[in-house]
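Structure file protein37.cif; described as mmCIF, C-alpha atoms.
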```cif
data_work
loop_
_atom_site.label_atom_id
_atom_site.label_comp_id
_atom_site.auth_asym_id
_atom_site.auth_seq_id
_atom_site.Cartn_x
_atom_site.Cartn_y
_atom_site.Cartn_z
CA MET A 13 -18.76 9.39 -20.99
CA GLY A 14 -21.33 7.78 -23.26
CA SER A 15 -19.22 7.83 -26.40
CA HIS A 16 -16.38 6.31 -24.49
CA ALA A 17 -18.40 3.45 -23.15
CA GLU A 18 -17.39 0.95 -25.80
CA GLU A 19 -13.75 1.91 -25.45
CA ILE A 20 -13.53 1.01 -21.79
CA GLU A 21 -13.71 -2.72 -21.90
CA VAL A 22 -14.18 -4.54 -18.65
CA HIS A 23 -11.49 -7.14 -18.64
CA SER A 24 -11.07 -8.52 -15.18
CA PRO A 25 -9.41 -11.58 -13.69
CA SER A 26 -11.71 -14.28 -12.32
CA ILE A 27 -12.47 -14.89 -8.64
CA PRO A 28 -10.19 -17.98 -8.39
CA THR A 29 -7.31 -15.80 -9.66
CA PHE A 30 -7.95 -13.26 -6.89
CA ALA A 31 -8.07 -16.07 -4.32
CA LYS A 32 -4.73 -17.43 -5.60
CA ILE A 33 -3.14 -13.98 -5.36
CA TRP A 34 -4.48 -13.62 -1.80
CA ILE A 35 -3.04 -17.02 -0.77
CA THR A 36 0.32 -16.14 -2.39
CA LEU A 37 0.41 -12.87 -0.45
CA LEU A 38 -0.31 -14.71 2.82
CA ILE A 39 2.45 -17.26 2.11
CA LEU A 40 4.95 -14.49 1.32
CA THR A 41 3.99 -12.77 4.60
CA ALA A 42 4.59 -16.02 6.51
CA VAL A 43 8.01 -16.33 4.84
CA GLU A 44 8.81 -12.78 5.96
CA VAL A 45 7.88 -13.54 9.58
CA PHE A 46 10.00 -16.71 9.43
CA LEU A 47 12.95 -14.77 7.98
CA ALA A 48 12.74 -12.21 10.80
CA TYR A 49 13.87 -14.92 13.24
CA GLU A 50 16.84 -16.11 11.18
CA GLN A 51 20.24 -14.91 12.33
CA VAL A 52 21.52 -13.06 9.28
CA PRO A 53 23.34 -9.71 8.92
CA THR A 54 21.01 -6.67 8.97
CA LEU A 55 21.71 -5.58 5.40
CA ILE A 56 20.98 -9.06 3.96
CA MET A 57 17.81 -9.28 6.05
CA LEU A 58 16.76 -5.81 4.84
CA THR A 59 17.34 -6.79 1.20
CA ALA A 60 15.45 -10.08 1.55
CA LEU A 61 12.47 -8.50 3.31
CA LEU A 62 12.29 -5.57 0.88
CA GLY A 63 12.62 -7.93 -2.10
CA LEU A 64 9.65 -9.98 -0.86
CA SER A 65 7.71 -6.77 -0.19
CA VAL A 66 8.31 -5.53 -3.73
CA VAL A 67 6.95 -8.86 -5.06
CA LYS A 68 3.88 -8.47 -2.83
CA ALA A 69 3.43 -4.86 -3.95
CA ALA A 70 3.64 -5.90 -7.61
CA LEU A 71 0.96 -8.58 -7.07
CA ILE A 72 -1.35 -6.07 -5.34
CA ILE A 73 -0.81 -3.37 -8.00
CA GLY A 74 -1.05 -5.77 -10.94
CA TYR A 75 -4.09 -7.81 -9.91
CA PHE A 76 -5.99 -6.12 -7.05
CA MET A 77 -5.42 -2.61 -8.43
CA HIS A 78 -5.96 -3.98 -11.91
CA LEU A 79 -2.95 -2.24 -13.47
CA LYS A 80 -1.89 -5.37 -15.39
CA PHE A 81 -5.14 -5.11 -17.34
CA GLU A 82 -4.98 -1.37 -18.04
CA ARG A 83 -3.31 0.25 -21.03
CA LEU A 84 0.46 0.33 -21.01
CA SER A 85 0.33 4.13 -21.36
CA LEU A 86 -1.24 4.43 -17.88
CA PHE A 87 1.61 2.45 -16.35
CA LEU A 88 4.21 4.45 -18.29
CA THR A 89 2.67 7.74 -17.18
CA LEU A 90 2.62 6.84 -13.49
CA PHE A 91 5.38 4.46 -12.51
CA PRO A 92 8.74 5.37 -14.11
CA MET A 93 8.56 8.76 -12.35
CA LEU A 94 7.73 7.13 -9.01
CA ILE A 95 10.54 4.57 -9.32
CA PHE A 96 13.00 7.28 -10.38
CA CYS A 97 12.11 9.49 -7.39
CA ILE A 98 12.38 6.56 -4.97
CA LEU A 99 15.81 5.65 -6.39
CA LEU A 100 16.87 9.30 -5.98
CA MET A 101 16.17 8.96 -2.25
CA LEU A 102 19.01 6.42 -2.10
CA ILE A 103 21.46 9.31 -2.57
CA PHE A 104 21.99 9.67 1.19
CA LEU A 105 22.53 5.95 1.84
CA GLY A 106 26.31 6.37 1.79
CA ASP A 107 26.12 9.13 4.39
CA ALA A 108 23.82 7.07 6.61
CA THR A 109 26.14 4.04 6.60
CA ARG A 110 29.23 6.22 7.18
CA LEU A 111 27.76 8.17 10.10
CA PRO A 112 28.34 5.54 12.84
CA PHE A 113 32.07 5.52 12.05
CA MET A 114 32.35 9.32 12.22
CA ARG A 115 31.28 9.57 15.86
CA PRO A 116 33.92 10.44 18.44
CA GLY A 117 35.34 7.27 19.85
CA ALA A 118 33.94 5.08 17.08
CA MET B 12 -5.06 22.37 -58.13
CA SER B 13 -6.85 22.61 -54.89
CA THR B 14 -5.38 22.76 -51.46
CA GLN B 15 -4.35 19.37 -50.34
CA VAL B 16 -6.52 18.33 -47.45
CA THR B 17 -5.35 15.60 -45.18
CA THR B 18 -8.36 13.44 -44.73
CA ALA B 19 -6.69 10.46 -43.17
CA VAL B 20 -8.57 9.61 -40.00
CA SER B 21 -6.21 9.76 -37.10
CA THR B 22 -6.01 6.59 -35.08
CA SER B 23 -3.81 7.81 -32.25
CA ALA B 24 -5.39 7.83 -28.82
CA TRP B 25 -3.66 11.16 -28.18
CA ASP B 26 -5.41 13.19 -30.90
CA GLY B 27 -8.27 14.20 -28.66
CA GLY B 28 -11.89 13.19 -28.44
CA ARG B 29 -11.26 10.09 -26.41
CA SER B 30 -9.65 8.93 -23.22
CA PRO B 31 -6.04 8.02 -24.00
CA TYR B 32 -5.77 5.79 -20.94
CA ALA B 33 -9.16 4.18 -21.50
CA THR B 34 -10.05 4.98 -17.91
CA ASN B 35 -12.49 7.47 -16.49
CA SER B 36 -11.12 10.69 -15.00
CA LYS B 37 -11.96 9.75 -11.39
CA LYS B 38 -9.81 6.66 -11.65
CA PHE B 39 -6.93 8.56 -13.21
CA GLY B 40 -7.22 11.20 -10.49
CA MET B 41 -7.05 8.54 -7.79
CA TRP B 42 -3.97 7.04 -9.46
CA LEU B 43 -2.26 10.45 -9.41
CA PHE B 44 -3.09 10.82 -5.70
CA ILE B 45 -1.76 7.32 -5.00
CA ILE B 46 1.53 8.04 -6.72
CA SER B 47 2.06 11.25 -4.75
CA ASP B 48 1.04 9.55 -1.50
CA ALA B 49 3.44 6.72 -2.30
CA LEU B 50 6.23 9.30 -2.43
CA THR B 51 5.19 10.63 1.00
CA PHE B 52 5.41 7.17 2.53
CA SER B 53 8.65 6.41 0.65
CA ALA B 54 10.23 9.54 2.11
CA LEU B 55 9.13 8.57 5.63
CA LEU B 56 10.37 5.00 5.26
CA PHE B 57 13.68 6.21 3.84
CA ALA B 58 14.09 8.65 6.75
CA TYR B 59 13.42 5.76 9.14
CA THR B 60 15.86 3.46 7.34
CA TYR B 61 18.61 6.08 7.38
CA SER B 62 18.07 6.84 11.07
CA ARG B 63 18.28 3.16 11.71
CA VAL B 64 21.37 2.45 9.62
CA SER B 65 23.22 5.36 11.23
CA ASN B 66 22.37 4.16 14.76
CA PRO B 67 24.06 0.79 15.46
CA ASP B 68 22.35 0.62 18.87
CA TRP B 69 18.84 0.87 17.39
CA PRO B 70 16.51 -1.04 19.73
CA THR B 71 14.79 -4.27 18.67
CA PRO B 72 12.09 -4.33 21.33
CA PHE B 73 9.20 -6.22 19.70
CA HIS B 74 8.52 -9.50 21.48
CA PHE B 75 6.97 -12.33 19.47
CA SER B 76 3.97 -12.05 21.79
CA PRO B 77 2.14 -9.74 21.60
CA SER B 78 3.77 -7.35 19.07
CA ILE B 79 4.78 -9.69 16.21
CA ILE B 80 1.65 -11.86 16.59
CA PHE B 81 -0.54 -8.74 16.64
CA SER B 82 1.12 -7.18 13.61
CA SER B 83 0.93 -10.50 11.69
CA ILE B 84 -2.81 -10.74 12.40
CA MET B 85 -3.14 -7.09 11.32
CA THR B 86 -1.37 -7.95 8.04
CA PHE B 87 -3.77 -10.87 7.58
CA ALA B 88 -6.74 -8.54 8.24
CA LEU B 89 -5.56 -6.00 5.64
CA LEU B 90 -4.76 -8.63 2.99
CA THR B 91 -8.17 -10.22 3.53
CA SER B 92 -9.85 -6.81 3.32
CA SER B 93 -8.22 -6.32 -0.07
CA LEU B 94 -9.74 -9.61 -1.24
CA THR B 95 -13.22 -8.60 -0.01
CA MET B 96 -12.78 -5.20 -1.72
CA VAL B 97 -11.95 -6.94 -5.00
CA MET B 98 -15.11 -9.04 -4.53
CA ALA B 99 -17.12 -5.83 -3.99
CA VAL B 100 -15.81 -4.35 -7.26
CA HIS B 101 -16.49 -7.66 -9.02
CA ALA B 102 -20.08 -7.76 -7.72
CA MET B 103 -20.65 -4.12 -8.68
CA ASN B 104 -19.31 -4.73 -12.21
CA HIS B 105 -21.91 -7.47 -12.54
CA GLY B 106 -24.68 -5.16 -11.32
CA ASN B 107 -25.17 -6.91 -7.99
CA ARG B 108 -25.50 -3.95 -5.61
CA ALA B 109 -26.65 -5.94 -2.56
CA ALA B 110 -23.62 -8.21 -2.73
CA ALA B 111 -21.32 -5.26 -3.39
CA GLY B 112 -22.66 -3.51 -0.27
CA ARG B 113 -22.08 -6.62 1.85
CA TRP B 114 -18.51 -7.05 0.56
CA ILE B 115 -17.77 -3.38 1.29
CA LEU B 116 -19.11 -3.87 4.83
CA ALA B 117 -16.82 -6.89 5.23
CA THR B 118 -13.90 -4.75 4.02
CA MET B 119 -14.76 -2.06 6.58
CA ALA B 120 -14.97 -4.70 9.33
CA ALA B 121 -11.50 -6.01 8.46
CA GLY B 122 -10.19 -2.44 8.42
CA ALA B 123 -11.75 -1.76 11.82
CA THR B 124 -10.13 -4.96 13.13
CA PHE B 125 -6.79 -3.63 11.92
CA VAL B 126 -7.28 -0.28 13.66
CA GLY B 127 -8.49 -1.93 16.87
CA LEU B 128 -5.48 -4.25 17.06
CA HIS B 129 -3.12 -1.43 16.17
CA LEU B 130 -4.48 0.85 18.91
CA THR B 131 -4.20 -2.01 21.43
CA GLU B 132 -0.59 -2.45 20.36
CA TRP B 133 0.05 1.31 20.66
CA LEU B 134 -1.49 1.46 24.14
CA ASN B 135 0.60 -1.54 25.20
CA LEU B 136 3.77 0.26 24.03
CA ILE B 137 2.76 3.56 25.64
CA ASN B 138 1.53 2.22 28.99
CA ASN B 139 3.62 -0.91 29.57
CA GLU B 140 6.85 -0.20 27.68
CA HIS B 141 6.81 3.61 28.22
CA VAL B 142 7.49 4.49 24.59
CA THR B 143 6.44 7.98 23.47
CA PRO B 144 7.25 9.91 20.25
CA ALA B 145 9.99 11.75 22.15
CA SER B 146 11.48 9.12 24.44
CA ASN B 147 11.78 5.42 25.21
CA PRO B 148 13.69 3.27 27.70
CA TRP B 149 16.07 1.91 25.05
CA GLY B 150 18.20 4.97 24.39
CA VAL B 151 17.49 6.02 20.78
CA PRO B 152 14.72 8.67 20.98
CA LEU B 153 14.19 8.53 17.19
CA PHE B 154 12.75 5.04 17.62
CA GLY B 155 9.48 6.42 19.03
CA ALA B 156 9.37 9.33 16.59
CA THR B 157 9.72 7.12 13.49
CA PHE B 158 7.51 4.33 14.87
CA PHE B 159 4.58 6.55 15.83
CA GLY B 160 5.09 8.81 12.79
CA ILE B 161 4.97 6.05 10.20
CA THR B 162 2.36 3.78 11.79
CA GLY B 163 0.31 6.83 12.80
CA LEU B 164 0.15 8.21 9.27
CA HIS B 165 -0.73 4.75 7.97
CA MET B 166 -3.46 4.27 10.57
CA THR B 167 -4.86 7.70 9.61
CA HIS B 168 -5.10 6.43 6.02
CA VAL B 169 -6.92 3.29 7.19
CA ILE B 170 -9.41 5.33 9.25
CA ILE B 171 -10.04 7.71 6.32
CA GLY B 172 -10.47 4.61 4.12
CA ILE B 173 -13.12 3.17 6.45
CA ILE B 174 -15.03 6.49 6.37
CA TYR B 175 -14.67 6.66 2.55
CA LEU B 176 -15.94 3.09 2.17
CA GLY B 177 -18.81 3.85 4.57
CA ILE B 178 -19.95 6.73 2.33
CA ILE B 179 -19.61 4.57 -0.80
CA CYS B 180 -21.42 1.66 0.89
CA GLN B 181 -24.50 3.62 1.92
CA GLY B 182 -24.64 5.11 -1.59
CA VAL B 183 -24.40 1.70 -3.25
CA MET B 184 -27.20 0.35 -1.03
CA ARG B 185 -29.39 3.35 -1.98
CA LYS B 186 -28.80 2.86 -5.73
CA LYS B 187 -26.41 5.81 -5.91
CA PHE B 188 -22.91 5.67 -7.40
CA LYS B 189 -21.68 3.63 -10.33
CA ALA B 190 -19.36 0.65 -10.54
CA GLU B 191 -16.45 2.98 -11.28
CA ASP B 192 -16.95 4.78 -7.95
CA VAL B 193 -16.58 1.50 -6.07
CA GLU B 194 -13.51 0.68 -8.16
CA VAL B 195 -11.88 4.05 -7.34
CA ALA B 196 -12.58 3.52 -3.61
CA GLY B 197 -11.03 0.07 -4.04
CA LEU B 198 -7.88 1.58 -5.54
CA TYR B 199 -7.45 3.73 -2.43
CA TRP B 200 -8.05 0.76 -0.12
CA HIS B 201 -5.55 -1.49 -1.93
CA PHE B 202 -2.98 1.28 -1.71
CA VAL B 203 -3.38 1.42 2.08
CA ASP B 204 -2.84 -2.35 2.11
CA LEU B 205 0.19 -1.92 -0.16
CA VAL B 206 1.85 0.61 2.17
CA TRP B 207 1.45 -1.79 5.10
CA MET B 208 3.34 -4.42 3.06
CA PHE B 209 6.40 -2.18 3.51
CA VAL B 210 5.67 -0.85 7.02
CA PHE B 211 5.22 -4.35 8.50
CA PRO B 212 8.67 -5.79 7.57
CA LEU B 213 10.58 -2.53 7.99
CA VAL B 214 9.10 -1.33 11.27
CA TYR B 215 8.03 -4.56 12.96
CA LEU B 216 9.99 -7.52 11.59
CA MET B 217 13.32 -5.68 11.50
CA SER B 218 12.79 -4.77 15.16
CA ALA B 219 11.77 -8.20 16.43
CA LYS B 220 13.48 -9.25 19.64
CA ILE B 221 15.36 -12.46 18.82
#
```

Can you turn what I pasted into structure tokens?
Amino acid sequence: MGSHAEEIEVHSPSIPTFAKIWITLLILTAVEVFLAYEQVPTLIMLTALLGLSVVKAALIIGYFMHLKFERLSLFLTLFPMLIFCILLMLIFLGDATRLPFMRPGA
Amino acid sequence: MSTQVTTAVSTSAWDGGRSPYATNSKKFGMWLFIISDALTFSALLFAYTYSRVSNPDWPTPFHFSPSIIFSSIMTFALLTSSLTMVMAVHAMNHGNRAAAGRWILATMAAGATFVGLHLTEWLNLINNEHVTPASNPWGVPLFGATFFGITGLHMTHVIIGIIYLGIICQGVMRKKFKAEDVEVAGLYWHFVDLVWMFVFPLVYLMSAKI
């Protein structure tokens, strides 16, 4: 550890930055609750809510979890694989949307 | 003519002798755990979404009061606990152990608030609305299975997080543990908050009774 000490520089956002991120997250949450009571088709609602959630997740990962201030290699090691696997899970989406129309009497 | 010796000093971070990510190994280990845990929750949320999309008569039973109000306050509690956790890491990085301990205690209190509200909400659903993991009055049995499965696994993570923070907190107060240990505990806590950012809209808001 000792020889690495100078390599690991502590670069951290300031407290006002954290407070701003926190307020932004609260506002985005309020927008989500508001959206839940708008009469829009399910798929549009799902996209809007998930879009806002991805923004919130990015803020938490980038600032609270400090990833924005880590080396790019850490991000590249961890996240492309995660995103790829999550996208792979979309494979069954077509089956899920088709299922209601395949029921007898549908 | 002597053997040519390459004496150029390597500057790549990947040639050994130093940490290529410029993080300590505990932090990298926690990141690996978080990524694998993120896949677990993704799979659960995808299973829920598919069950939902393939059932047009999926129930939307959550009344504004108490369910949506409760879950919104729970979201507020978790987001605030993330802020106090960041403050704990900040204090620890500046060598202020007493302040770090207090911020961790505040984080645990917010986490306990979350669990308390969540259990109240669960008991309300179980006792008053008669929802169980296997059945509910609204016709799609998978509703209870996915609801209790996803929120239950998340609540387990919160409870483990409170215990983890409790261990870190007593160590910090007794001059044990380094700043990096608090930071690694913080990573776990923020991840639990992060998962709720997907559970809240998908499980609660999409099922709000309009």

Inset, instruction - Report the distance between CA of Leu79 (chain A) and CA of Ser36 (chain B) in Å, rounded to one decimal place. - result: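 Going from CA of Leu79 (chain A) over to CA of Ser36 (chain B) covers 15.4 Å.
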
Mind telling me what the PyMOL selection byres ((chain A and resi 86) around 9) catches here, as an mmCIF file with C-alpha atoms, keeping the file's coordinate frame?
```
data_model
loop_
_atom_site.group_PDB
_atom_site.id
_atom_site.type_symbol
_atom_site.label_atom_id
_atom_site.label_comp_id
_atom_site.auth_asym_id
_atom_site.auth_seq_id
_atom_site.Cartn_x
_atom_site.Cartn_y
_atom_site.Cartn_z
ATOM 1 C CA LEU A 79 -2.950 -2.240 -13.470
ATOM 2 C CA GLU A 82 -4.980 -1.370 -18.040
ATOM 3 C CA ARG A 83 -3.310 0.250 -21.030
ATOM 4 C CA LEU A 84 0.460 0.330 -21.010
ATOM 5 C CA SER A 85 0.330 4.130 -21.360
ATOM 6 C CA PHE A 87 1.610 2.450 -16.350
ATOM 7 C CA LEU A 88 4.210 4.450 -18.290
ATOM 8 C CA THR A 89 2.670 7.740 -17.180
ATOM 9 C CA LEU A 90 2.620 6.840 -13.490
ATOM 10 C CA PHE A 91 5.380 4.460 -12.510
ATOM 11 C CA PRO B 31 -6.040 8.020 -24.000
ATOM 12 C CA TYR B 32 -5.770 5.790 -20.940
ATOM 13 C CA ALA B 33 -9.160 4.180 -21.500
ATOM 14 C CA THR B 34 -10.050 4.980 -17.910
ATOM 15 C CA PHE B 39 -6.930 8.560 -13.210
#
```

Inset, instruction - Output the residue selection produced by the PyMOL selection byres ((chain B) within 6 of (chain A)) on the file above, formatted as JSON, numbers by chain. - result: {"B": [32, 33, 61, 64, 65, 198, 205, 208, 216]}

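Taking CA of Arg115 (chain A) and CA of Arg63 (chain B) as the two end points, the separation is 15.1 Å.
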
Legend entry - Nearby residues, (6.3, -15.2, 19.9) file frame, 12 Å, only C-alpha atoms, as a PyMOL selection string: (chain A and resi 45-46+48-49) or (chain B and resi 73-83+216+219-221)

Go ahead and save the picked residues with C-alpha atoms, as a PDB file, in the frame of the given file.
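What follows is the written file again_33.pdb:
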```pdb
ATOM      1  CA  VAL A  45       7.880 -13.540   9.580  1.00  0.00           C
ATOM      2  CA  PHE A  46      10.000 -16.710   9.430  1.00  0.00           C
ATOM      3  CA  ALA A  48      12.740 -12.210  10.800  1.00  0.00           C
ATOM      4  CA  TYR A  49      13.870 -14.920  13.240  1.00  0.00           C
TER       5      TYR A  49
ATOM      6  CA  PHE B  73       9.200  -6.220  19.700  1.00  0.00           C
ATOM      7  CA  HIS B  74       8.520  -9.500  21.480  1.00  0.00           C
ATOM      8  CA  PHE B  75       6.970 -12.330  19.470  1.00  0.00           C
ATOM      9  CA  SER B  76       3.970 -12.050  21.790  1.00  0.00           C
ATOM     10  CA  PRO B  77       2.140  -9.740  21.600  1.00  0.00           C
ATOM     11  CA  SER B  78       3.770  -7.350  19.070  1.00  0.00           C
ATOM     12  CA  ILE B  79       4.780  -9.690  16.210  1.00  0.00           C
ATOM     13  CA  ILE B  80       1.650 -11.860  16.590  1.00  0.00           C
ATOM     14  CA  PHE B  81      -0.540  -8.740  16.640  1.00  0.00           C
ATOM     15  CA  SER B  82       1.120  -7.180  13.610  1.00  0.00           C
ATOM     16  CA  SER B  83       0.930 -10.500  11.690  1.00  0.00           C
ATOM     17  CA  LEU B 216       9.990  -7.520  11.590  1.00  0.00           C
ATOM     18  CA  ALA B 219      11.770  -8.200  16.430  1.00  0.00           C
ATOM     19  CA  LYS B 220      13.480  -9.250  19.640  1.00  0.00           C
ATOM     20  CA  ILE B 221      15.360 -12.460  18.820  1.00  0.00           C
TER      21      ILE B 221
END
```

Legend entry - Gap from CA of Phe44 (chain B) to CA of Ile161 (chain B) - Å, one decimal: 18.5 Å

Legend entry - Within 9 Å of Val206 (chain B) using all atoms listed in the file, minus same-chain residues under 4 positions, as a PyMOL selection string: (chain A and resi 69) or (chain B and resi 49+52+165+201-202+210-211)

Legend entry - Near-Tyr175 (chain B) list (12 Å; only C-alpha atoms; drop same-chain fewer than 3 positions) as JSON, numbers by chain: {"B": [115, 116, 118, 119, 122, 168, 169, 170, 171, 172, 178, 179, 180, 181, 182, 192, 193, 195, 196, 197, 198, 199, 200]}

Legend entry - Distance criterion (all atoms listed in the file): nearest to Leu213 (chain B) out of B:Ala111, B:Gly40, B:Thr22, B:Thr162: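 With all atoms listed in the file as the atom set, the closest residue is B:Thr162.
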